[in-house]
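Chemist: Before I ask anything, let me first share the structure, which is written out below as C-alpha cells.
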Amino acid sequence: MEFSRQDLSDLQPKHISFVGIDSDGCIFDTMEIKQKKCFHKLIISHWGLQPLEKYVRQTAEFINLYSKYRGTNRFPCLAMTFDLLRERPEVIASGISIPQLPALKKFIASGQPLGNPSLEKAVLETGDAELAFVLKWSKAVNADIAQTVTNVPPYRWVLESLLKIQENSDPICVTHTPSEALIRKWQQHDLLQYVQVIAGQELGTKTEHLQLATGGRYAPADILMIGDAPGDLAAARAIHAHFYPINPGQEVQSWERFYHEAYAMFLAHTYGGDYEAARIADFEKLLPEQPPWQSNPVQSA
C-alpha cells in the first residue's frame, strides 16, 4: 500500500472537521528505542566516533528527544547533532574531527522532500561522496528500525480516541517517518482503518501535508493537529489550525485528557483561547532550546 501527494489533494471531506495525527512518539512509544538503539548507534559506527560515544549519545538524545528540535527530520537533526557536538569542550580536547556536512546542508536547504528517495536522486545527479555516505547511513537506520522496533503497541487511550475521531472528523496521519515503516507499523496494529491517508516524509513536510489535505475544504477553527513535537505545533500554526500536544513523558495522561475532554471542546469550538494556550505552555516547558551543558542556544552552522 502506498499514498501520494495526490491522495492528500483529493481528500474528500466526510465531516466539517479535520484532524492530523503524528505517529512516532504520539501514537506509538517508539521515539526512544528508535533513536537510542538505531539512529545514534549507527551515527557512532558509521562515522567512527566510538571514542566519543558518551558525548555523541548525549548530544543526539538532546537534539532528537529532549529539545525543541524533537521530531525534526533525520537529516537536519544529524547536521545539528554534529554542529553541537563540535562545540563541546570534551570533543575539542579529544582532537577528533567532527564532519561539517556542507553537501547535506545544501541538500536540506534545497526545498526537496527530506527522504531517502530525494537524497538518492541527489547522489545520482551529483556523485557527491558525502551525500552517498549519509544515504548509506540513512538506509542502514531504516533496516535496523525494521528489525529492532517491532510489536510496540499504541499508547493507552489511542484506540478509543481514534474511534471517536473517525466518527466525527476526517483524520489522516501526518509525520516525518518514512512511509514504508509507517504503513507497516499502522498495519501491524490494525490502525489503518482509522485514517484516510498516511502521509510520510516522502510526501513533503508536515505543513505541506496539512495544506494539501485541508486547503479550501475546512475552516481553520475546524482543523486540529495532534503531535508530540514542536514541528507539529509549527505545522498547525502555519495553517492557523489548533494544536493538541501529546506531552513527552506524559503520553497516556495526554491521550486520556484528549479523549475525555479536549476533543469534545474542539468539536464544540471551545478548545481555543486560554485552554489551548495552557496545553501548549505546558508542552513547551518540557522541550528547551538549549542543552543542560551550555548556556547558549543551539545554532546549526
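By order in the C-alpha cells, chains are A, B, ...; within a chain, residues start at 1; ligands start at 1, following the order shown.
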Got a sec: who's within 6 Å of range 281-287 of chain A, counting only C-alpha atoms, leaving out chain neighbours fewer than 2 positions off, as a VMD selection string?
Modeler: chain A and resid 66 to 68 247 278 to 279
Chemist: Quick check for you: according to DSSP on this backbone, which residues of range 114-220 of chain A are classed as helix (DSSP H, G or I)? Reply as a compact mmCIF listing (two decimals) with N, CA and C atoms, in the first residue's frame.
Modeler:
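Result written to out_26.txt:
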```
# COMPACT_ATOMS: atom_id res chain seq x y z
N ASN A 116 14.85 9.50 1.78
CA ASN A 116 15.86 8.75 1.03
C ASN A 116 15.69 8.84 -0.48
N PRO A 117 14.46 8.81 -1.03
CA PRO A 117 14.33 8.90 -2.48
C PRO A 117 14.92 10.19 -3.05
N SER A 118 14.67 11.31 -2.42
CA SER A 118 15.22 12.58 -2.90
C SER A 118 16.74 12.62 -2.72
N LEU A 119 17.21 12.08 -1.60
CA LEU A 119 18.65 12.06 -1.38
C LEU A 119 19.33 11.14 -2.39
N GLU A 120 18.71 10.02 -2.67
CA GLU A 120 19.27 9.10 -3.66
C GLU A 120 19.35 9.75 -5.04
N LYS A 121 18.33 10.51 -5.38
CA LYS A 121 18.33 11.24 -6.65
C LYS A 121 19.46 12.26 -6.68
N ALA A 122 19.67 12.97 -5.56
CA ALA A 122 20.74 13.95 -5.48
C ALA A 122 22.11 13.29 -5.62
N VAL A 123 22.26 12.09 -5.05
CA VAL A 123 23.52 11.36 -5.17
C VAL A 123 23.78 10.98 -6.62
N LEU A 124 22.76 10.51 -7.30
CA LEU A 124 22.91 10.13 -8.71
C LEU A 124 23.23 11.33 -9.59
N GLU A 125 22.62 12.47 -9.28
CA GLU A 125 22.83 13.67 -10.09
C GLU A 125 24.18 14.33 -9.84
N THR A 126 24.67 14.27 -8.61
CA THR A 126 25.90 14.99 -8.26
C THR A 126 27.11 14.10 -8.09
N ALA A 129 30.23 12.35 -2.69
CA ALA A 129 30.59 11.27 -1.78
C ALA A 129 29.98 11.45 -0.41
N GLU A 130 29.88 12.69 0.05
CA GLU A 130 29.30 12.95 1.37
C GLU A 130 27.82 12.55 1.39
N LEU A 131 27.08 12.95 0.36
CA LEU A 131 25.67 12.60 0.28
C LEU A 131 25.50 11.08 0.19
N ALA A 132 26.37 10.43 -0.56
CA ALA A 132 26.29 8.98 -0.68
C ALA A 132 26.53 8.31 0.67
N PHE A 133 27.43 8.87 1.47
CA PHE A 133 27.74 8.32 2.79
C PHE A 133 26.56 8.50 3.74
N VAL A 134 25.93 9.68 3.69
CA VAL A 134 24.76 9.93 4.52
C VAL A 134 23.62 9.01 4.10
N LEU A 135 23.46 8.80 2.80
CA LEU A 135 22.40 7.91 2.31
C LEU A 135 22.62 6.49 2.80
N LYS A 136 23.87 6.05 2.79
CA LYS A 136 24.19 4.71 3.28
C LYS A 136 23.79 4.59 4.75
N TRP A 137 24.11 5.62 5.54
CA TRP A 137 23.71 5.64 6.95
C TRP A 137 22.20 5.59 7.09
N SER A 138 21.49 6.41 6.33
CA SER A 138 20.04 6.51 6.44
C SER A 138 19.37 5.19 6.08
N LYS A 139 19.86 4.53 5.05
CA LYS A 139 19.30 3.22 4.67
C LYS A 139 19.59 2.18 5.76
N ALA A 140 20.76 2.26 6.35
CA ALA A 140 21.10 1.32 7.44
C ALA A 140 20.18 1.55 8.64
N VAL A 141 19.86 2.82 8.92
CA VAL A 141 18.93 3.14 10.00
C VAL A 141 17.57 2.51 9.74
N ASN A 142 17.06 2.66 8.52
CA ASN A 142 15.75 2.10 8.19
C ASN A 142 15.75 0.58 8.36
N ALA A 143 16.81 -0.08 7.90
CA ALA A 143 16.89 -1.53 8.01
C ALA A 143 16.95 -1.96 9.47
N ASP A 144 17.70 -1.21 10.28
CA ASP A 144 17.83 -1.54 11.70
C ASP A 144 16.50 -1.33 12.43
N ILE A 145 15.79 -0.25 12.09
CA ILE A 145 14.49 0.01 12.71
C ILE A 145 13.52 -1.12 12.39
N ALA A 146 13.54 -1.59 11.14
CA ALA A 146 12.63 -2.66 10.73
C ALA A 146 12.86 -3.93 11.56
N GLN A 147 14.12 -4.16 11.95
CA GLN A 147 14.46 -5.34 12.74
C GLN A 147 14.25 -5.13 14.23
N THR A 148 14.46 -3.90 14.69
CA THR A 148 14.50 -3.61 16.12
C THR A 148 13.17 -3.15 16.70
N VAL A 158 -5.28 5.65 22.88
CA VAL A 158 -5.16 6.00 21.46
C VAL A 158 -6.30 5.38 20.66
N LEU A 159 -6.53 4.09 20.82
CA LEU A 159 -7.56 3.42 20.03
C LEU A 159 -8.93 4.04 20.29
N GLU A 160 -9.25 4.28 21.54
CA GLU A 160 -10.54 4.90 21.86
C GLU A 160 -10.65 6.28 21.22
N SER A 161 -9.55 7.01 21.22
CA SER A 161 -9.55 8.35 20.64
C SER A 161 -9.70 8.29 19.12
N LEU A 162 -9.00 7.35 18.47
CA LEU A 162 -9.11 7.22 17.02
C LEU A 162 -10.54 6.87 16.60
N LEU A 163 -11.17 6.01 17.37
CA LEU A 163 -12.57 5.65 17.08
C LEU A 163 -13.47 6.88 17.16
N LYS A 164 -13.27 7.67 18.19
CA LYS A 164 -14.08 8.87 18.37
C LYS A 164 -13.81 9.89 17.27
N ILE A 165 -12.53 10.06 16.91
CA ILE A 165 -12.18 11.00 15.84
C ILE A 165 -12.82 10.56 14.53
N GLN A 166 -12.71 9.29 14.23
CA GLN A 166 -13.24 8.78 12.96
C GLN A 166 -14.75 9.02 12.84
N GLU A 167 -15.44 8.99 13.95
CA GLU A 167 -16.89 9.19 13.93
C GLU A 167 -17.29 10.64 13.71
N ASN A 168 -16.37 11.58 13.98
CA ASN A 168 -16.75 12.99 13.97
C ASN A 168 -15.90 13.90 13.10
N SER A 179 7.59 6.36 4.81
CA SER A 179 6.27 5.76 4.60
C SER A 179 6.25 4.24 4.78
N GLU A 180 7.29 3.57 4.31
CA GLU A 180 7.30 2.11 4.40
C GLU A 180 7.19 1.64 5.85
N ALA A 181 8.02 2.22 6.72
CA ALA A 181 7.98 1.84 8.13
C ALA A 181 6.66 2.26 8.77
N LEU A 182 6.19 3.42 8.36
CA LEU A 182 4.96 3.98 8.92
C LEU A 182 3.77 3.07 8.63
N ILE A 183 3.59 2.71 7.37
CA ILE A 183 2.45 1.88 6.98
C ILE A 183 2.55 0.49 7.60
N ARG A 184 3.76 -0.05 7.64
CA ARG A 184 3.96 -1.36 8.26
C ARG A 184 3.50 -1.36 9.72
N LYS A 185 3.87 -0.30 10.42
CA LYS A 185 3.53 -0.21 11.85
C LYS A 185 2.02 -0.05 12.05
N TRP A 186 1.39 0.80 11.25
CA TRP A 186 -0.06 1.00 11.38
C TRP A 186 -0.83 -0.25 10.97
N GLN A 187 -0.32 -0.99 9.98
CA GLN A 187 -0.96 -2.25 9.59
C GLN A 187 -0.81 -3.29 10.69
N GLN A 188 0.37 -3.36 11.26
CA GLN A 188 0.65 -4.36 12.30
C GLN A 188 -0.33 -4.26 13.46
N LEU A 192 -4.83 1.26 10.29
CA LEU A 192 -5.01 1.95 9.01
C LEU A 192 -6.48 2.31 8.76
N GLN A 193 -7.37 1.50 9.31
CA GLN A 193 -8.80 1.72 9.08
C GLN A 193 -9.30 3.03 9.71
N TYR A 194 -8.50 3.62 10.59
CA TYR A 194 -8.97 4.81 11.30
C TYR A 194 -8.51 6.13 10.68
N GLN A 201 7.36 11.07 5.14
CA GLN A 201 8.31 12.11 4.76
C GLN A 201 8.44 12.29 3.26
N GLU A 202 8.19 11.22 2.49
CA GLU A 202 8.33 11.32 1.04
C GLU A 202 7.28 12.22 0.41
N LEU A 203 6.20 12.50 1.14
CA LEU A 203 5.11 13.33 0.62
C LEU A 203 5.30 14.81 0.95
N LYS A 206 5.34 18.39 7.09
CA LYS A 206 4.06 18.29 7.78
C LYS A 206 3.15 19.46 7.39
N THR A 207 3.72 20.63 7.24
CA THR A 207 2.92 21.78 6.80
C THR A 207 2.33 21.53 5.43
N GLU A 208 3.13 20.97 4.52
CA GLU A 208 2.63 20.66 3.19
C GLU A 208 1.53 19.61 3.24
N HIS A 209 1.71 18.61 4.08
CA HIS A 209 0.66 17.59 4.24
C HIS A 209 -0.67 18.25 4.63
N LEU A 210 -0.61 19.12 5.63
CA LEU A 210 -1.83 19.77 6.11
C LEU A 210 -2.42 20.71 5.07
N GLN A 211 -1.57 21.45 4.38
CA GLN A 211 -2.06 22.37 3.36
C GLN A 211 -2.75 21.62 2.23
N LEU A 212 -2.13 20.54 1.77
CA LEU A 212 -2.71 19.75 0.68
C LEU A 212 -4.03 19.11 1.09
N ALA A 213 -4.10 18.63 2.32
CA ALA A 213 -5.28 17.89 2.78
C ALA A 213 -6.45 18.79 3.17
N THR A 214 -6.16 20.02 3.57
CA THR A 214 -7.24 20.87 4.11
C THR A 214 -7.58 22.09 3.25
N PRO A 220 -10.21 27.03 9.41
CA PRO A 220 -9.11 26.84 10.36
C PRO A 220 -9.57 26.41 11.75
```
Chemist: Can you tell me, as a list of chain:residue names, which residues in range 135-271 of chain A count as strand (DSSP E) by DSSP?
Modeler: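 Written out, the strand (DSSP E) residues of range 135-271 of chain A are A:Asp170, A:Pro171, A:Ile172, A:Cys173, A:Val174, A:Ile198, A:Ala199, A:Ile223, A:Leu224, A:Met225, A:Ile226, A:Gly227, A:His242, A:Phe243, A:Tyr244, A:Pro245.
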Chemist: Produce a table with one row for each residue of range 54-154 of chain A that has an atom at most 7 Å from any atom of range 16-28 of chain A, each row naming the nearest atom pair and its distance in Å at one decimal; use only C-alpha atoms; arrange rows by chain and rising residue number; format as a tab-separated table.
Modeler:
```
residue	atom	partner	partner_atom	distance
A:Val152	CA	A:Phe28	CA	6.7
A:Pro153	CA	A:Phe28	CA	6.3
A:Pro154	CA	A:Phe28	CA	4.6
```
